[in-house]
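Data file: coords-v9.tsv. Format and content: TSV, C-alpha atoms.
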chain	number	residue	atom	x	y	z
G	314	MET	CA	201.29	80.24	-1.27
G	315	LYS	CA	204.79	81.30	-0.33
G	316	ALA	CA	206.42	83.49	-2.98
G	317	VAL	CA	209.32	81.87	-4.81
G	318	LYS	CA	212.34	83.74	-3.50
G	319	PRO	CA	215.44	81.63	-4.08
G	320	TRP	CA	217.64	84.08	-2.15
G	321	LEU	CA	215.52	83.49	0.97
G	322	ASP	CA	215.77	79.73	0.46
G	323	ASP	CA	219.56	80.07	0.26
G	324	VAL	CA	219.63	81.03	3.94
G	325	ARG	CA	220.15	78.15	6.37
G	326	TRP	CA	217.44	78.94	8.92
G	327	ASN	CA	217.92	77.15	12.25
G	328	SER	CA	215.39	74.72	13.74
G	329	ASP	CA	213.38	77.72	15.02
G	330	GLY	CA	213.41	79.29	11.55
G	331	LEU	CA	215.86	82.00	12.60
G	332	VAL	CA	219.35	83.31	11.83
G	333	PRO	CA	221.47	85.76	13.84
G	334	ALA	CA	221.78	89.20	12.21
G	335	VAL	CA	224.56	91.63	13.08
G	336	ALA	CA	224.04	95.35	12.44
G	337	GLN	CA	227.09	97.51	11.84
G	338	ASP	CA	227.06	101.29	11.63
G	339	ALA	CA	228.03	102.35	8.09
G	340	ALA	CA	229.62	105.58	9.31
G	341	SER	CA	231.39	104.71	12.58
G	342	HIS	CA	231.86	101.01	11.64
G	343	LYS	CA	230.87	100.06	15.20
G	344	VAL	CA	229.03	96.79	15.68
G	345	LEU	CA	225.71	97.97	17.09
G	346	THR	CA	223.46	94.97	17.71
G	347	LEU	CA	223.01	91.26	17.29
G	348	ALA	CA	219.38	90.32	16.79
G	349	TRP	CA	217.47	87.49	15.11
G	350	MET	CA	215.59	87.31	11.84
G	351	ASN	CA	213.03	84.90	10.48
G	352	ARG	CA	212.23	84.66	6.78
G	353	ASP	CA	209.58	87.35	6.97
G	354	ALA	CA	211.92	89.76	8.79
G	355	LEU	CA	214.65	89.34	6.19
G	356	GLU	CA	212.21	89.70	3.31
G	357	ARG	CA	210.76	92.91	4.77
G	358	THR	CA	214.26	94.24	5.51
G	359	ALA	CA	215.22	93.79	1.87
G	360	ALA	CA	211.92	95.19	0.57
G	361	THR	CA	211.85	98.31	2.78
G	362	LEU	CA	215.57	98.82	3.49
G	363	GLU	CA	214.65	99.23	7.15
G	364	ALA	CA	215.87	96.55	9.55
G	365	HIS	CA	213.20	94.11	10.73
G	366	TYR	CA	213.88	91.40	13.28
G	367	TRP	CA	212.10	88.60	15.07
G	368	SER	CA	211.73	89.34	18.76
G	369	ARG	CA	212.29	86.05	20.56
G	370	SER	CA	211.12	87.50	23.88
G	371	ARG	CA	207.89	88.94	22.47
G	372	GLY	CA	207.42	86.25	19.83
G	373	LYS	CA	206.67	88.72	17.07
G	374	LEU	CA	208.05	90.55	14.09
G	375	TRP	CA	209.63	93.82	15.06
G	376	ARG	CA	210.51	96.80	12.90
G	377	LYS	CA	213.57	98.23	14.62
G	378	GLY	CA	212.69	101.73	15.85
G	379	GLU	CA	208.91	101.26	15.63
G	380	THR	CA	208.54	102.61	19.19
G	381	SER	CA	211.76	104.55	19.75
G	382	GLY	CA	212.08	106.06	16.27
G	383	HIS	CA	215.60	104.60	16.19
G	384	VAL	CA	215.20	103.03	12.79
G	385	GLN	CA	218.10	101.27	11.06
G	386	ARG	CA	218.27	102.26	7.38
G	387	VAL	CA	219.92	99.44	5.52
G	388	ARG	CA	222.71	100.10	3.03
G	389	GLU	CA	223.87	96.52	2.48
G	390	ILE	CA	222.73	93.00	3.31
G	391	ARG	CA	225.40	90.32	3.55
G	392	LEU	CA	225.30	86.56	4.10
G	393	ASP	CA	228.21	84.51	5.40
G	394	CYS	CA	230.05	81.58	3.84
G	395	ASP	CA	227.87	78.88	5.40
G	396	SER	CA	224.66	80.86	4.89
G	397	ASP	CA	223.63	80.98	8.54
G	398	ALA	CA	224.44	84.54	9.59
G	399	ILE	CA	223.43	87.96	8.23
G	400	LEU	CA	225.34	91.24	8.37
G	401	LEU	CA	223.57	94.56	7.82
G	402	LEU	CA	225.41	97.78	7.13
G	403	VAL	CA	223.09	100.46	8.50
G	404	GLU	CA	222.55	104.11	9.12
G	405	GLN	CA	221.39	104.27	12.74
G	406	ILE	CA	218.73	106.98	13.00
G	407	GLY	CA	218.99	108.92	16.27
G	408	GLY	CA	222.47	107.53	16.93
G	409	ILE	CA	221.10	105.07	19.49
G	410	ALA	CA	220.72	101.37	18.73
G	411	CYS	CA	220.21	99.98	22.25
G	412	HIS	CA	217.04	99.98	24.34
G	413	THR	CA	219.20	101.03	27.33
G	414	GLY	CA	219.94	104.38	25.66
G	415	HIS	CA	223.53	103.43	24.83
G	416	GLU	CA	224.77	104.02	21.28
G	417	ARG	CA	224.96	100.25	20.87
G	418	CYS	CA	224.32	97.02	22.73
G	419	PHE	CA	227.97	96.00	23.11
G	420	TYR	CA	228.84	98.46	25.89
G	421	LEU	CA	230.03	95.83	28.38
G	422	LYS	CA	233.78	95.18	28.27
G	423	LEU	CA	235.61	92.35	30.02
G	424	ASP	CA	238.35	93.66	32.28
G	425	ASP	CA	239.92	92.07	35.37
G	426	GLY	CA	237.37	89.26	35.42
G	427	ALA	CA	234.24	91.40	35.25
G	428	TRP	CA	232.03	93.12	32.69
G	429	HIS	CA	232.22	96.92	32.85
G	430	ASP	CA	229.86	99.42	31.25
G	431	VAL	CA	232.39	101.52	29.32
G	432	GLU	CA	230.08	103.59	27.12
G	433	PRO	CA	227.73	106.41	28.10
G	434	VAL	CA	223.95	106.36	28.18
G	435	LEU	CA	223.11	108.97	25.56
G	436	LYS	CA	219.43	109.24	26.42
G	437	ASP	CA	217.35	108.07	29.37
G	438	PRO	CA	215.24	105.10	28.20
G	439	LYS	CA	212.22	106.73	29.88
G	440	ALA	CA	212.65	109.65	27.49
G	441	ILE	CA	212.89	107.21	24.58
G	442	TYR	CA	210.01	104.91	25.44
G	443	GLY	CA	207.95	106.90	27.96
G	444	ASP	CA	207.33	105.93	31.58
G	445	GLY	CA	204.64	103.39	31.14
U	566	MET	CA	234.64	71.33	40.41
U	567	LYS	CA	233.90	74.21	38.08
U	568	ALA	CA	235.95	77.29	38.93
U	569	VAL	CA	233.94	80.20	40.31
U	570	LYS	CA	233.99	82.71	37.48
U	571	PRO	CA	231.10	85.14	37.96
U	572	TRP	CA	231.79	86.82	34.61
U	573	LEU	CA	231.18	83.49	32.85
U	574	ASP	CA	227.96	83.00	34.80
U	575	ASP	CA	226.84	86.47	33.71
U	576	VAL	CA	226.55	85.19	30.13
U	577	ARG	CA	223.11	83.90	29.14
U	578	TRP	CA	224.10	80.64	27.43
U	579	ASN	CA	221.37	79.19	25.22
U	580	SER	CA	219.80	75.77	25.75
U	581	ASP	CA	222.82	74.20	23.97
U	582	GLY	CA	225.20	76.10	26.25
U	583	LEU	CA	226.29	78.44	23.44
U	584	VAL	CA	226.29	82.12	22.51
U	585	PRO	CA	226.99	83.72	19.12
U	586	ALA	CA	230.34	85.54	18.94
U	587	VAL	CA	231.11	88.17	16.33
U	588	ALA	CA	234.74	88.92	15.44
U	589	GLN	CA	235.60	92.36	14.14
U	590	ASP	CA	238.97	93.35	12.70
U	591	ALA	CA	240.56	95.96	14.98
U	592	ALA	CA	242.39	97.62	12.08
U	593	SER	CA	239.95	97.56	9.13
U	594	HIS	CA	236.84	97.45	11.38
U	595	LYS	CA	235.34	94.84	9.04
U	596	VAL	CA	233.07	92.22	10.57
U	597	LEU	CA	234.97	89.02	9.87
U	598	THR	CA	233.07	86.06	11.29
U	599	LEU	CA	230.13	84.93	13.35
U	600	ALA	CA	230.90	81.76	15.27
U	601	TRP	CA	229.69	80.13	18.48
U	602	MET	CA	231.24	79.84	21.92
U	603	ASN	CA	230.56	77.61	24.87
U	604	ARG	CA	231.76	78.43	28.37
U	605	ASP	CA	235.08	76.70	27.83
U	606	ALA	CA	235.72	78.55	24.56
U	607	LEU	CA	235.06	81.94	26.15
U	608	GLU	CA	237.19	81.12	29.18
U	609	ARG	CA	240.11	80.05	26.98
U	610	THR	CA	239.69	83.09	24.74
U	611	ALA	CA	240.00	85.37	27.76
U	612	ALA	CA	242.90	83.40	29.25
U	613	THR	CA	244.99	83.17	26.06
U	614	LEU	CA	243.75	86.23	24.12
U	615	GLU	CA	243.37	83.96	21.10
U	616	ALA	CA	239.86	83.34	19.82
U	617	HIS	CA	238.43	79.92	20.66
U	618	TYR	CA	235.04	78.75	19.44
U	619	TRP	CA	232.76	75.75	19.66
U	620	SER	CA	232.46	74.03	16.29
U	621	ARG	CA	228.83	72.94	15.99
U	622	SER	CA	229.57	70.87	12.86
U	623	ARG	CA	232.50	69.01	14.43
U	624	GLY	CA	231.13	69.07	17.98
U	625	LYS	CA	234.40	70.20	19.51
U	626	LEU	CA	236.34	73.12	20.85
U	627	TRP	CA	238.28	74.88	18.16
U	628	ARG	CA	241.17	77.31	18.47
U	629	LYS	CA	240.69	79.60	15.47
U	630	GLY	CA	243.73	79.15	13.20
U	631	GLU	CA	244.86	75.84	14.72
U	632	THR	CA	245.12	74.32	11.22
U	633	SER	CA	245.38	77.37	8.94
U	634	GLY	CA	247.61	79.50	11.16
U	635	HIS	CA	244.97	82.23	10.81
U	636	VAL	CA	244.78	82.97	14.50
U	637	GLN	CA	242.63	85.79	15.85
U	638	ARG	CA	244.53	87.76	18.52
U	639	VAL	CA	241.98	89.30	20.84
U	640	ARG	CA	242.20	92.96	21.86
U	641	GLU	CA	238.81	93.32	23.50
U	642	ILE	CA	235.93	91.10	24.63
U	643	ARG	CA	232.47	92.66	24.78
U	644	LEU	CA	229.08	91.42	25.93
U	645	ASP	CA	225.76	92.88	24.84
U	646	CYS	CA	222.94	94.44	26.87
U	647	ASP	CA	221.01	91.21	27.34
U	648	SER	CA	224.15	89.12	27.89
U	649	ASP	CA	223.56	86.69	25.04
U	650	ALA	CA	226.03	87.82	22.37
U	651	ILE	CA	229.80	88.35	22.37
U	652	LEU	CA	231.86	90.77	20.29
U	653	LEU	CA	235.61	90.28	19.87
U	654	LEU	CA	237.91	92.97	18.53
U	655	VAL	CA	240.74	91.02	16.91
U	656	GLU	CA	243.95	91.18	14.97
U	657	GLN	CA	243.44	88.67	12.16
U	658	ILE	CA	246.77	86.91	11.58
U	659	GLY	CA	247.38	86.22	7.87
U	660	GLY	CA	244.60	88.62	6.88
U	661	ILE	CA	242.24	85.73	6.14
U	662	ALA	CA	239.39	84.82	8.49
U	663	CYS	CA	237.33	82.52	6.24
U	664	HIS	CA	237.97	78.87	5.40
U	665	THR	CA	237.13	79.72	1.76
U	666	GLY	CA	240.26	81.91	1.53
U	667	HIS	CA	238.27	85.15	1.57
U	668	GLU	CA	239.34	87.89	3.97
U	669	ARG	CA	236.12	87.31	5.88
U	670	CYS	CA	233.01	85.17	5.86
U	671	PHE	CA	230.57	87.94	4.88
U	672	TYR	CA	231.54	88.10	1.21
U	673	LEU	CA	228.02	87.43	-0.17
U	674	LYS	CA	226.03	90.58	-0.90
U	675	LEU	CA	222.33	90.73	-1.73
U	676	ASP	CA	221.72	92.47	-5.03
U	677	ASP	CA	218.78	92.13	-7.46
U	678	GLY	CA	217.33	89.19	-5.54
U	679	ALA	CA	220.47	87.07	-5.38
U	680	TRP	CA	223.60	86.66	-3.27
U	681	HIS	CA	226.77	87.69	-5.10
U	682	ASP	CA	230.37	86.94	-4.09
U	683	VAL	CA	231.78	90.48	-4.10
U	684	GLU	CA	235.15	89.92	-2.41
U	685	PRO	CA	238.23	88.14	-3.76
U	686	VAL	CA	239.65	84.81	-2.67
U	687	LEU	CA	243.05	85.83	-1.30
U	688	LYS	CA	244.45	82.33	-1.06
U	689	ASP	CA	243.37	78.97	-2.45
U	690	PRO	CA	241.96	76.90	0.44
U	691	LYS	CA	244.07	73.97	-0.78
U	692	ALA	CA	247.14	76.08	-0.12
U	693	ILE	CA	245.81	76.92	3.34
U	694	TYR	CA	244.69	73.46	4.46
U	695	GLY	CA	246.45	71.10	2.06
U	696	ASP	CA	244.77	68.81	-0.44
U	697	GLY	CA	243.68	66.05	1.86
I'd like the structure from this file rewritten - as structure tokens, please.
Amino acid sequence: MKAVKPWLDDVRWNSDGLVPAVAQDAASHKVLTLAWMNRDALERTAATLEAHYWSRSRGKLWRKGETSGHVQRVREIRLDCDSDAILLLVEQIGGIACHTGHERCFYLKLDDGAWHDVEPVLKDPKAIYGDG
Amino acid sequence: MKAVKPWLDDVRWNSDGLVPAVAQDAASHKVLTLAWMNRDALERTAATLEAHYWSRSRGKLWRKGETSGHVQRVREIRLDCDSDAILLLVEQIGGIACHTGHERCFYLKLDDGAWHDVEPVLKDPKAIYGDG
């Protein structure tokens, strides 16, 4: 039986049972990532205060940082006015949120009709995840 | 004929032709809104440097602030590492991003198993949009 959690029922999950979740760095205020959560991911995020998401590509629950160590410690969980988007205020462990080794996923900037990588790779992904 | 715009083709539009777009205030760094863009909305945003979105509820293109005057002037357009989310850095005209009259849409905070409105209504929506 599903636990009665009215605050989880307040969320307007889409037809796939997901909502977009934005993570913002509590210190730098940079927007780090946009990922997706299902009910289980949001419940675990609130229970553990570590960001959990639903990986659409792998089709499974994913504790952010479970492989890389780049955990997001959650300071605040917000919901928007129409209850279909989440905002997390996080402490980004390791200072790297993106699997590419950038500080954050939003490193591509539109300029002169093209996307440019304008932020450094802080750590080689091979060093984060290993070669294989 | 659709104009050749490789930077628009670089975006991974979902099966509805949309991507989520986060707007962040360039001055306060607050995350204001999460809305959706189609190709046309993103193209117009880049061309005019005013945020345009696709309204899923109304099924039409929407220039943010067209009714309220609460335009978002765009300073930067970012794309994320897997090309399926947009981040806008904006100047929020009028200081109100949300149709509820709050500064931003993310005014609901999770606390003790419930969502609490923790930010003030700056202007009565009736005063923003009129009564009818």
Task: G:Thr361 environment, 9 Å, all atoms listed in the file, sequence neighbours closer than 5 positions dropped, as a ChimeraX atom specification - done: /G:356,386-387
Write out the residues from the selection above, keeping C-alpha atoms, as a PDB file, in the coordinates of the input.
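So the final result, stored in out16.pdb, reads:
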ATOM      1  CA  GLU G 356     212.210  89.700   3.310  1.00  0.00           C
ATOM      2  CA  ARG G 386     218.270 102.260   7.380  1.00  0.00           C
ATOM      3  CA  VAL G 387     219.920  99.440   5.520  1.00  0.00           C
TER       4      VAL G 387
END
Open item on the list: Residues of chain G within 6 Å of chain U, counting all atoms listed in the file - could you list those as an MDAnalysis selection string?
Closed with: chainID G and resid 320 390:394 418:419 421:423 427
Open item on the list: Just the number, please: distance in Å from atom CA of G:Tyr442 to atom CA of G:Ser381, one decimal.
Closed with: 6.0 Å
TODO: Go ahead and compute the interatomic distance for atom CA of G:Lys439 and atom CA of G:Met350, in Å to one decimal.
DONE: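 Computing it gives 26.7 Å between the two atoms.
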TODO: Find the spatial neighbours of U:Ile693, counting only C-alpha atoms, within a cut-off of 12 Å - ignore same-chain residues fewer than 2 positions away - and output them as an MDAnalysis selection string.
DONE: chainID U and resid 630:635 659 661:667 686:691 695:697
TODO: Please provide the set of residues having any atom within 8 Å of U:Tyr618, restricted to all atoms listed in the file, with same-chain residues fewer than 2 positions apart removed, written as a list in words.
DONE: Ala600, Trp601, Met602, Asn603, Ala606, Leu607, Ala616, Ser620, Leu626, Trp627, Arg628 and Lys629 of chain U
